[in-house]
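Enquirer: After the structure tokens below, expect a handful of questions from me.
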Amino acid sequence: MENDYDVIIVGGGVIGTSLLYTLSEFTDINNILLIEKKKIGRGSSWSHSNSQTLHVGDIETNYNTEKIIETRTASHLILKYTKKLRESNFIKPVQKMVLGVGNEEVENIIKRYDEKFISLFPSIKVIKTSEILKVEPNLIKGRDKDEEVIAAYSKDGHMVNFGLLSSSFVNSALKSKKNIKLRLNEEAIDIERKNAHYIVKTEKSTYRGRFVVFAAGGYSLYFAKKLGYGRDLSMLSVAGNFYYSRNVIKGKVYRVQKGGIPFAAVHADVDITNKKITRYGPTVNIVPFLEHTNVMSTYKYIKAMGLDKETVESLINISEDKDIQRIVEKNFIYSIPDLGKYYFLKEEVNKIIPSLKYNDIKFYKQGGGIRPQIIDKKMRRLILGVVDLRGDGIEFSMAPSPGASSCLKEALKYTRSATEYLDKKFYKEKFVKMFCNNEEEYKLLTKKQKH
Ligand SMILES: Cc1cc2nc3c(=O)[nH]c(=O)nc-3n(C[C@H](O)[C@H](O)[C@H](O)COP(=O)(O)OP(=O)(O)OC[C@H]3O[C@@H](n4cnc5c(N)ncnc54)[C@H](O)[C@@H]3O)c2cc1C
């Protein structure tokens, strides 16, 4: 049958395309279909949607040790993939730091970056005002002399255009001699199970797959619930927007974020697509959409969320967290026209670049994205990072930050599930040879994640 596939992937972001690549390169699965309703890499993975950071865990102060090691191991796969290519247009080295401003944050950095931490990341060092002035002068110029600052700094950062990385994965997959079909600008609208197959309906056609992966952002949970999966999960769509100014920094300047909060504090980043600007963000706004500014997605958002008693109790519990309350309240103020920009400048931008004035920053209209933050209804709390939901011959990926940095690890997980389910071969040795320094690293990559 022409529309029959071993694996169907719905979603051509960095998760779906990395899976297309790993299936084509490291398995004997032959027929793979990828369905994407827009172009490749135009959702959250698009360079304008996200912060373009390769998260390795060194400057993310909200991560605990387990999350740091997991993120470091996962993100290194992208560096290994890059090395294998003759040329890559999607990644650039960049310096990075986490900046502490004021007494409490300074103490936090001194305490966090002790010998044990630095042994995990030997390139990171704690620097004070005079050294910050050398590596990022605009962080110090114009700053009140009484305001204490400190930074954990590394020259070894990377910025990534995850949209272009998605295209690179597709190109690599197409080089394999397999039957790989791309259906772009085609939206999956329904799915049903028929015996051993799933039937995926799009606006234009119907496809039959033996194994299906939804890598469709928040829509993954919508389709999961349609099939009766994910009853213990709900979600909050957290929109992130950016402001920008002329470029005033050399790299990435993150800020201290409290442990357990699932999103980074507002940070400043040079833009990989336009070195003349610095972007500030992302903001944190809870919106009733599955896609950035797509009001039409509200109905599916409500379906994905599932407005039952446990969801409401979870929302109440989450909203009682003082840190989340503070973040939501201040971001609500940032969304008020004009006044919001003033407060964003004072509360966020000026903490990083003290000399910028109101007219120096503009709203980044072409950008911003949605993070599908998943709620564990049993625990009544937000889950930090990527969540996958496994069904019978089907998987659903919901990947907020640092999902893009961990894409190949996620792809490995789905690749192993697909080969097991379809009784196909996974070329483990080939994978380990390309991506891992030793068997230990492979074990870390395949260790079951705790949320
Ligand atoms: C503001 C912000 C900042 C971030 N910063 C970082 C960062 O610095 N570093 C990092 O690692 N991560 C970051 N992230 C997270 C990162 O962007 C995501 O983890 C990653 O892009 C998720 O990839 P994905 O493939 O799951 O989703 P997407 O890239 O959104 O891909 C999903 C695709 O599915 C398609 N789709 C949806 N429904 C259907 C359907 N029914 N039929 C067909 N196609 C469909 C969409 O069009 C889309 O292309 C950030 C996210 C945001 C929003």
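Labels for the structure tokens follow display order: chains A, B, ..., residues from 1 in each chain, ligands from 1.
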Please write out the residues within 7 Å of ligand 1 as a PyMOL selection string, counting only C-alpha atoms and all ligand atoms.

Expert: chain A and resi 10-16+35-46+49-55+162+186-189+215-217+219+239-241+282+368-371+397-406

Enquirer: For the structure I just gave you, how does DSSP split segment 33-232 of chain A - specifically, which residues are helix (DSSP H, G or I)? Reply as a ChimeraX atom specification.

Expert: /A:65-84,103-112,115-120,129-135,137-139,162-175,219-226

Enquirer: Would you return as a JSON list (two decimals) with N, CA and C atoms, in the first residue's frame the members of segment 37-169 of chain A that DSSP assigns to strand (DSSP E or B) on this structure's backbone?

Expert:
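Output contents, as saved in result.json:
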[["chain", "number", "residue", "atom", "x", "y", "z"],
["A", 53, "THR", "N", 20.20, 28.72, 22.87],
["A", 53, "THR", "CA", 21.29, 28.29, 23.76],
["A", 53, "THR", "C", 21.46, 26.78, 23.75],
["A", 91, "ILE", "N", 25.49, 26.22, 14.17],
["A", 91, "ILE", "CA", 26.06, 26.32, 15.53],
["A", 91, "ILE", "C", 27.27, 27.25, 15.54],
["A", 92, "LYS", "N", 27.41, 28.03, 16.61],
["A", 92, "LYS", "CA", 28.57, 28.93, 16.74],
["A", 92, "LYS", "C", 29.06, 28.91, 18.17],
["A", 93, "PRO", "N", 30.41, 28.90, 18.35],
["A", 93, "PRO", "CA", 30.91, 29.00, 19.72],
["A", 93, "PRO", "C", 30.65, 30.40, 20.28],
["A", 94, "VAL", "N", 30.45, 30.48, 21.56],
["A", 94, "VAL", "CA", 30.16, 31.79, 22.16],
["A", 94, "VAL", "C", 30.51, 31.74, 23.65],
["A", 95, "GLN", "N", 30.95, 32.85, 24.19],
["A", 95, "GLN", "CA", 31.19, 32.88, 25.64],
["A", 95, "GLN", "C", 29.86, 33.00, 26.37],
["A", 96, "LYS", "N", 29.86, 32.57, 27.62],
["A", 96, "LYS", "CA", 28.60, 32.63, 28.35],
["A", 96, "LYS", "C", 28.86, 32.82, 29.84],
["A", 97, "MET", "N", 27.87, 33.27, 30.55],
["A", 97, "MET", "CA", 28.01, 33.42, 32.00],
["A", 97, "MET", "C", 26.65, 33.44, 32.66],
["A", 98, "VAL", "N", 26.68, 33.19, 33.99],
["A", 98, "VAL", "CA", 25.49, 33.49, 34.77],
["A", 98, "VAL", "C", 25.91, 34.60, 35.71],
["A", 99, "LEU", "N", 25.11, 35.68, 35.67],
["A", 99, "LEU", "CA", 25.46, 36.89, 36.42],
["A", 99, "LEU", "C", 24.63, 36.96, 37.70],
["A", 100, "GLY", "N", 25.30, 37.20, 38.80],
["A", 100, "GLY", "CA", 24.60, 37.42, 40.06],
["A", 100, "GLY", "C", 24.63, 38.90, 40.40],
["A", 101, "VAL", "N", 23.46, 39.47, 40.69],
["A", 101, "VAL", "CA", 23.37, 40.90, 41.01],
["A", 101, "VAL", "C", 22.76, 41.05, 42.40],
["A", 125, "LYS", "N", 34.68, 29.54, 35.46],
["A", 125, "LYS", "CA", 35.36, 30.14, 36.61],
["A", 125, "LYS", "C", 34.54, 31.32, 37.15],
["A", 126, "VAL", "N", 34.68, 31.52, 38.44],
["A", 126, "VAL", "CA", 33.94, 32.61, 39.07],
["A", 126, "VAL", "C", 34.77, 33.89, 38.92],
["A", 127, "ILE", "N", 34.13, 34.94, 38.36],
["A", 127, "ILE", "CA", 34.87, 36.19, 38.14],
["A", 127, "ILE", "C", 34.15, 37.37, 38.81],
["A", 149, "VAL", "N", 28.26, 42.56, 42.16],
["A", 149, "VAL", "CA", 28.04, 41.60, 41.06],
["A", 149, "VAL", "C", 29.13, 40.54, 41.06],
["A", 150, "ILE", "N", 28.77, 39.40, 40.51],
["A", 150, "ILE", "CA", 29.73, 38.31, 40.37],
["A", 150, "ILE", "C", 29.22, 37.46, 39.21],
["A", 151, "ALA", "N", 30.10, 36.69, 38.58],
["A", 151, "ALA", "CA", 29.62, 35.83, 37.48],
["A", 151, "ALA", "C", 30.35, 34.51, 37.47],
["A", 152, "ALA", "N", 29.66, 33.48, 37.00],
["A", 152, "ALA", "CA", 30.33, 32.21, 36.68],
["A", 152, "ALA", "C", 30.44, 32.22, 35.16],
["A", 153, "TYR", "N", 31.66, 32.20, 34.66],
["A", 153, "TYR", "CA", 31.93, 32.52, 33.25],
["A", 153, "TYR", "C", 32.63, 31.35, 32.55],
["A", 154, "SER", "N", 32.28, 31.15, 31.29],
["A", 154, "SER", "CA", 32.96, 30.12, 30.51],
["A", 154, "SER", "C", 33.12, 30.59, 29.06],
["A", 155, "LYS", "N", 34.26, 30.23, 28.47],
["A", 155, "LYS", "CA", 34.46, 30.57, 27.05],
["A", 155, "LYS", "C", 33.84, 29.51, 26.15],
["A", 156, "ASP", "N", 33.38, 28.39, 26.78],
["A", 156, "ASP", "CA", 33.02, 27.20, 26.00],
["A", 156, "ASP", "C", 31.54, 27.04, 25.69],
["A", 157, "GLY", "N", 30.83, 28.15, 25.45],
["A", 157, "GLY", "CA", 29.40, 28.01, 25.16],
["A", 157, "GLY", "C", 29.14, 27.85, 23.66],
["A", 158, "HIS", "N", 27.90, 27.53, 23.34],
["A", 158, "HIS", "CA", 27.50, 27.46, 21.93],
["A", 158, "HIS", "C", 26.11, 28.04, 21.78],
["A", 159, "MET", "N", 25.90, 28.74, 20.66],
["A", 159, "MET", "CA", 24.53, 29.12, 20.31],
["A", 159, "MET", "C", 24.14, 28.32, 19.07],
["A", 160, "VAL", "N", 22.88, 27.96, 19.04],
["A", 160, "VAL", "CA", 22.43, 27.03, 17.99],
["A", 160, "VAL", "C", 21.17, 27.58, 17.32]]

Enquirer: Would you pick out the contacts of Asn317 of chain A at 9 Å or less, using only C-alpha atoms, so that residues sharing its chain but fewer than 4 positions from it are not included, and give the list as a list in words?

Expert: Val312, Glu313, Asp321, Arg380 and Arg381 of chain A

Enquirer: Hey, which bits of segment 246-360 of chain A sit within 8 Å of segment 130-146 of chain A, and for each residue what's the closest pair of atoms and how far apart in Å (one decimal), counting only C-alpha atoms, rows by chain and increasing number, as CSV?

Expert:
residue,atom,partner,partner_atom,distance
A:Val248,CA,A:Asn138,CA,6.5
A:Ile249,CA,A:Glu136,CA,6.1
A:Lys250,CA,A:Glu136,CA,6.6
A:Ile352,CA,A:Leu139,CA,5.7
A:Ile353,CA,A:Leu139,CA,5.0
A:Pro354,CA,A:Arg143,CA,5.5
A:Ser355,CA,A:Gly142,CA,5.3

Enquirer: Within 9 Å of Thr311 of chain A, counting only C-alpha atoms, which residues qualify if same-chain residues fewer than 6 places away don't, as an mmCIF file with C-alpha atoms, in the first residue's frame?

Expert:
data_model
loop_
_atom_site.group_PDB
_atom_site.id
_atom_site.type_symbol
_atom_site.label_atom_id
_atom_site.label_comp_id
_atom_site.auth_asym_id
_atom_site.auth_seq_id
_atom_site.Cartn_x
_atom_site.Cartn_y
_atom_site.Cartn_z
ATOM 1 C CA LEU A 233 -1.145 14.929 32.756
ATOM 2 C CA SER A 234 -2.283 18.452 32.073
ATOM 3 C CA MET A 235 -0.382 21.410 30.692
ATOM 4 C CA MET A 305 -5.295 20.543 29.348
ATOM 5 C CA ILE A 375 1.615 19.245 34.883
ATOM 6 C CA ASP A 376 1.736 16.017 36.877
ATOM 7 C CA LYS A 377 -1.849 15.881 38.136
ATOM 8 C CA ARG A 380 -0.187 18.534 41.568
#

Enquirer: Counting only C-alpha atoms, what is within 10 Å of segment 71-86 of chain A, bar same-chain residues fewer than 6 positions away, as a short mmCIF file (atom, residue, chain, number, x, y, z; two decimals) with C-alpha atoms, in the first residue's frame?

Expert:
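File produced: out_35.cif:
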data_model
loop_
_atom_site.label_atom_id
_atom_site.label_comp_id
_atom_site.auth_asym_id
_atom_site.auth_seq_id
_atom_site.Cartn_x
_atom_site.Cartn_y
_atom_site.Cartn_z
CA SER A 18 16.37 14.32 15.01
CA LEU A 54 22.93 24.90 23.83
CA HIS A 55 22.09 24.09 27.44
CA VAL A 56 24.77 21.98 29.06
CA GLY A 57 23.85 22.60 32.69
CA ASP A 58 26.72 24.85 33.79
CA TYR A 63 18.99 22.60 37.79
CA THR A 65 23.03 17.81 40.01
CA LEU A 120 32.07 18.89 36.36
CA PHE A 121 32.79 21.89 34.12
CA HIS A 158 27.50 27.46 21.93
CA VAL A 160 22.43 27.03 17.99
CA LEU A 165 19.69 22.06 12.86
CA SER A 168 20.35 19.46 8.73
CA PHE A 169 18.82 16.35 10.37
CA SER A 172 21.28 13.75 6.71
CA GLY A 385 11.87 19.75 31.19
CA PRO A 402 15.98 22.44 27.33
CA GLY A 403 14.25 20.17 24.82
CA ALA A 404 16.08 21.44 21.78
CA SER A 405 19.47 20.86 23.43
CA SER A 406 18.42 17.32 24.37
CA CYS A 407 16.83 16.44 21.01
CA LEU A 408 19.21 13.61 20.08
CA LYS A 409 18.76 11.98 23.47
CA GLU A 410 15.00 12.11 22.98
CA MET A 434 29.55 8.12 16.88
CA PHE A 435 28.12 9.69 20.01
CA CYS A 436 29.61 8.25 23.17
CA GLU A 441 27.91 7.57 28.63
CA TYR A 442 25.47 5.40 26.70
CA LEU A 444 23.58 7.68 31.19
CA LEU A 445 21.76 8.53 27.97
#
